[in-house]
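Here the structure comes first, spelled out in structure tokens, and everything after it is commentary.
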Amino acid sequence: MGNRLTQIATRTGDNGTTGLGNNQRVSKNSLRVHAMGEVDELNSHIGVLLCEDMSADVREVLVEVQHQLFNLGGELSIPGFELLKVEAVAALDEALEKYNAQLPKLEEFILPAGTRGASQAHVCRTVARRAERACVALGNEEALNDTPRQYLNRLSDLMFVLARVLNRMNGGDDVYWKSQRMNKETAA
């Protein structure tokens with residue numbers, strides 16, 4: 001690894017192309033590069049989230065997610081290669097079950113708000129959905145394993161649940177949407 005990134009500014013992308021992990025050059029506007037960029041942005045947003053106070057177990061889950069997102073990005077950068085394993089999706093399912101069991105059932109939609117950590121988790125949720133859409137678009141045009149799409153789908157769900165967990169960390173709560181239906185039921 002020490003010799004891999006010896007030169008950051010290579011200038012090889014000045015013509016609007018970038019190199020994939022298999023040495024193939026593609027347009028920086030290709031579906032594959034878009035998907036890689038969305039995953040990279042998601043990982044960066046999780047890095048920002050990790051700057052917030054949270055329990056050690058939530059932090060551990062998020063650090064593992066960052067490592068798996070690097071695997072996902074690596075898989076996207078090498079067409080036909082598999083780095084992200086189905087066990088990573090299973091780990092998200094386990095985390096989802098664990099943290100969702102701690103939460104009260106939702107009776108109304110919630111806003112992406114509350115604490116700064118919860119709000120950042122919601123940003124991660126939406127970026128995960130965008131990354132998932134980018135992988136779906138790529139998979140519609142090129143061969144792509146199912147695991148990246150499944151991982152991003154599950155990760156978005158987990159980020160929603162973790163946002164709720166983070167809002168409750170210091171005795172807080174979800175920020176509920178004031179829907180017209182709820183207003184009518186309250187007034188009746």
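In the structure tokens, chains take letters A, B, ... by order of appearance, with residues numbered from 1 within each chain and ligands from 1 in the order shown.
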Can you tell me, as a PyMOL selection string, what residues are no more than 12 Å from region 133-140 of chain A when counting only C-alpha atoms, ignoring any on the same chain fewer than 3 positions away?
chain A and resi 29-39+72-73+75-77+79-80+126-130+143-153+156
Output file for the selection above: N, CA, C and O atoms, as a compact mmCIF listing (two decimals), in the first residue's frame:
# COMPACT_ATOMS: atom_id res chain seq x y z
N ASN A 29 -17.84 11.14 -16.25
CA ASN A 29 -19.29 11.24 -16.22
C ASN A 29 -19.97 9.89 -16.41
O ASN A 29 -21.19 9.82 -16.57
N SER A 30 -19.23 8.81 -16.37
CA SER A 30 -19.83 7.48 -16.56
C SER A 30 -20.66 7.10 -15.33
O SER A 30 -20.45 7.60 -14.23
N LEU A 31 -21.60 6.19 -15.55
CA LEU A 31 -22.43 5.72 -14.44
C LEU A 31 -21.59 5.08 -13.34
O LEU A 31 -21.88 5.25 -12.15
N ARG A 32 -20.55 4.40 -13.71
CA ARG A 32 -19.68 3.75 -12.72
C ARG A 32 -18.99 4.79 -11.85
O ARG A 32 -18.92 4.67 -10.63
N VAL A 33 -18.48 5.83 -12.46
CA VAL A 33 -17.78 6.87 -11.71
C VAL A 33 -18.77 7.64 -10.82
O VAL A 33 -18.45 8.00 -9.69
N HIS A 34 -19.99 7.85 -11.33
CA HIS A 34 -21.01 8.48 -10.49
C HIS A 34 -21.29 7.63 -9.26
O HIS A 34 -21.37 8.17 -8.14
N ALA A 35 -21.45 6.34 -9.43
CA ALA A 35 -21.71 5.46 -8.29
C ALA A 35 -20.54 5.48 -7.31
O ALA A 35 -20.75 5.55 -6.09
N MET A 36 -19.33 5.44 -7.83
CA MET A 36 -18.15 5.49 -6.96
C MET A 36 -18.14 6.80 -6.17
O MET A 36 -17.84 6.82 -4.97
N GLY A 37 -18.46 7.90 -6.83
CA GLY A 37 -18.48 9.20 -6.17
C GLY A 37 -19.53 9.31 -5.09
O GLY A 37 -19.29 9.89 -4.03
N GLU A 38 -20.70 8.73 -5.35
CA GLU A 38 -21.78 8.76 -4.34
C GLU A 38 -21.37 7.97 -3.10
O GLU A 38 -21.63 8.39 -1.97
N VAL A 39 -20.73 6.83 -3.30
CA VAL A 39 -20.27 6.01 -2.17
C VAL A 39 -19.18 6.75 -1.40
O VAL A 39 -19.16 6.75 -0.16
N LEU A 72 -16.98 -1.54 -0.98
CA LEU A 72 -17.98 -1.30 -2.02
C LEU A 72 -17.38 -0.43 -3.12
O LEU A 72 -17.54 -0.72 -4.30
N GLY A 73 -16.69 0.64 -2.73
CA GLY A 73 -16.06 1.51 -3.72
C GLY A 73 -15.02 0.78 -4.54
O GLY A 73 -14.91 0.97 -5.75
N GLU A 75 -15.05 -2.42 -5.19
CA GLU A 75 -15.78 -3.30 -6.10
C GLU A 75 -16.31 -2.52 -7.30
O GLU A 75 -16.23 -3.00 -8.44
N LEU A 76 -16.82 -1.32 -7.06
CA LEU A 76 -17.31 -0.49 -8.16
C LEU A 76 -16.18 -0.08 -9.10
O LEU A 76 -16.39 0.08 -10.30
N SER A 77 -14.97 0.06 -8.56
CA SER A 77 -13.85 0.55 -9.39
C SER A 77 -13.22 -0.55 -10.24
O SER A 77 -12.41 -0.25 -11.11
N PRO A 79 -14.66 -3.44 -12.56
CA PRO A 79 -15.80 -4.18 -13.12
C PRO A 79 -15.61 -5.69 -13.03
O PRO A 79 -14.54 -6.21 -13.33
N GLY A 80 -16.65 -6.37 -12.55
CA GLY A 80 -16.63 -7.83 -12.45
C GLY A 80 -15.99 -8.37 -11.19
O GLY A 80 -16.00 -9.57 -10.95
N THR A 126 -29.90 10.00 3.29
CA THR A 126 -30.29 10.45 1.97
C THR A 126 -29.18 10.24 0.94
O THR A 126 -29.45 9.92 -0.21
N VAL A 127 -27.94 10.39 1.37
CA VAL A 127 -26.82 10.15 0.45
C VAL A 127 -26.73 8.65 0.14
O VAL A 127 -26.42 8.26 -0.98
N ALA A 128 -27.03 7.80 1.13
CA ALA A 128 -27.04 6.36 0.88
C ALA A 128 -28.11 6.01 -0.17
O ALA A 128 -27.87 5.17 -1.04
N ARG A 129 -29.27 6.65 -0.09
CA ARG A 129 -30.31 6.40 -1.09
C ARG A 129 -29.85 6.84 -2.48
O ARG A 129 -30.12 6.17 -3.47
N ARG A 130 -29.17 7.99 -2.53
CA ARG A 130 -28.66 8.46 -3.82
C ARG A 130 -27.61 7.49 -4.37
O ARG A 130 -27.60 7.19 -5.56
N ALA A 143 -23.02 -5.17 -15.90
CA ALA A 143 -23.13 -6.22 -14.89
C ALA A 143 -22.63 -5.68 -13.55
O ALA A 143 -21.58 -5.05 -13.46
N LEU A 144 -23.41 -5.89 -12.51
CA LEU A 144 -23.07 -5.46 -11.16
C LEU A 144 -23.65 -6.46 -10.19
O LEU A 144 -24.81 -6.86 -10.32
N ASN A 145 -22.87 -6.85 -9.21
CA ASN A 145 -23.36 -7.76 -8.19
C ASN A 145 -24.53 -7.13 -7.43
O ASN A 145 -24.66 -5.90 -7.38
N ASP A 146 -25.36 -7.95 -6.81
CA ASP A 146 -26.50 -7.46 -6.05
C ASP A 146 -26.09 -6.85 -4.72
O ASP A 146 -26.78 -5.97 -4.20
N THR A 147 -25.00 -7.31 -4.14
CA THR A 147 -24.62 -6.92 -2.78
C THR A 147 -24.44 -5.42 -2.61
O THR A 147 -24.92 -4.86 -1.62
N PRO A 148 -23.77 -4.69 -3.52
CA PRO A 148 -23.66 -3.24 -3.31
C PRO A 148 -25.00 -2.53 -3.19
O PRO A 148 -25.20 -1.70 -2.30
N ARG A 149 -25.93 -2.87 -4.05
CA ARG A 149 -27.26 -2.26 -4.00
C ARG A 149 -27.97 -2.62 -2.70
O ARG A 149 -28.56 -1.76 -2.03
N GLN A 150 -27.90 -3.88 -2.30
CA GLN A 150 -28.55 -4.33 -1.07
C GLN A 150 -27.93 -3.65 0.15
O GLN A 150 -28.62 -3.25 1.09
N TYR A 151 -26.60 -3.53 0.14
CA TYR A 151 -25.90 -2.92 1.27
C TYR A 151 -26.34 -1.47 1.44
O TYR A 151 -26.64 -1.02 2.55
N LEU A 152 -26.39 -0.73 0.34
CA LEU A 152 -26.78 0.68 0.42
C LEU A 152 -28.23 0.84 0.84
O LEU A 152 -28.57 1.74 1.61
N ASN A 153 -29.09 -0.05 0.38
CA ASN A 153 -30.49 -0.02 0.79
C ASN A 153 -30.61 -0.22 2.29
O ASN A 153 -31.29 0.53 2.98
N SER A 156 -29.16 2.75 4.37
CA SER A 156 -30.06 3.88 4.49
C SER A 156 -31.08 3.65 5.60
O SER A 156 -31.35 4.54 6.41
If you count only C-alpha atoms, which residues fall within 10 Å of Val48 (chain A), apart from same-chain ones fewer than 4 positions away, as an NGL selection string?
:A and (42-44 or 52 or 117 or 120-121 or 124)
Restrict the selected residues to N, CA, C and O atoms and save them as a PDB file, in the first residue's frame.
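What ended up in result.pdb:
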ATOM      1  N   LEU A  42     -20.823   9.461   0.647  1.00  0.00           N
ATOM      2  CA  LEU A  42     -21.475   8.847   1.797  1.00  0.00           C
ATOM      3  C   LEU A  42     -20.461   8.544   2.893  1.00  0.00           C
ATOM      4  O   LEU A  42     -20.689   8.845   4.072  1.00  0.00           O
ATOM      5  N   ASN A  43     -19.337   7.963   2.524  1.00  0.00           N
ATOM      6  CA  ASN A  43     -18.313   7.633   3.506  1.00  0.00           C
ATOM      7  C   ASN A  43     -17.796   8.899   4.190  1.00  0.00           C
ATOM      8  O   ASN A  43     -17.561   8.921   5.403  1.00  0.00           O
ATOM      9  N   SER A  44     -17.663   9.974   3.433  1.00  0.00           N
ATOM     10  CA  SER A  44     -17.211  11.243   4.002  1.00  0.00           C
ATOM     11  C   SER A  44     -18.239  11.801   4.985  1.00  0.00           C
ATOM     12  O   SER A  44     -17.886  12.321   6.053  1.00  0.00           O
ATOM     13  N   GLU A  52     -19.352  13.469  16.128  1.00  0.00           N
ATOM     14  CA  GLU A  52     -20.355  13.756  17.157  1.00  0.00           C
ATOM     15  C   GLU A  52     -20.243  12.769  18.319  1.00  0.00           C
ATOM     16  O   GLU A  52     -19.673  11.687  18.183  1.00  0.00           O
ATOM     17  N   GLY A 117     -26.072  15.350  15.600  1.00  0.00           N
ATOM     18  CA  GLY A 117     -25.723  13.983  15.206  1.00  0.00           C
ATOM     19  C   GLY A 117     -26.851  13.290  14.465  1.00  0.00           C
ATOM     20  O   GLY A 117     -26.631  12.636  13.439  1.00  0.00           O
ATOM     21  N   GLN A 120     -27.184  14.769  11.015  1.00  0.00           N
ATOM     22  CA  GLN A 120     -26.133  14.275  10.125  1.00  0.00           C
ATOM     23  C   GLN A 120     -26.410  12.830   9.714  1.00  0.00           C
ATOM     24  O   GLN A 120     -26.135  12.439   8.580  1.00  0.00           O
ATOM     25  N   ALA A 121     -26.976  12.037  10.610  1.00  0.00           N
ATOM     26  CA  ALA A 121     -27.354  10.663  10.248  1.00  0.00           C
ATOM     27  C   ALA A 121     -28.412  10.681   9.149  1.00  0.00           C
ATOM     28  O   ALA A 121     -28.392   9.835   8.246  1.00  0.00           O
ATOM     29  N   CYS A 124     -26.691  11.283   5.951  1.00  0.00           N
ATOM     30  CA  CYS A 124     -26.101  10.006   5.514  1.00  0.00           C
ATOM     31  C   CYS A 124     -27.159   9.105   4.894  1.00  0.00           C
ATOM     32  O   CYS A 124     -26.903   8.444   3.881  1.00  0.00           O
TER      33      CYS A 124
END
Taking into account only C-alpha atoms, which residue in the set A:Cys51, A:Ile110, A:Ile78, A:Val58 is nearest to Asn23 (chain A)?
A:Ile78
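All residues of protein, DNA or RNA that reach within 12 Å of Lys98 (chain A), judged by only C-alpha atoms and not counting those fewer than 3 positions away in the chain, are Asp57, Val58, Val61, Ala91, Leu92, Asp93, Glu94, Ala95, Ala101, Gln102, Leu103, Leu158, Val161, Leu162 and Val165 of chain A.
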From a DSSP pass on the backbone, collect the residues of region 49-177 of chain A flagged as helix (DSSP H, G or I) and hand them back as a PyMOL selection string.
chain A and resi 49+56-77+86-100+116-141+146-168
Atomic separation - CA of Leu69 (chain A) relative to CA of Pro112 (chain A), Å:
22.9 Å
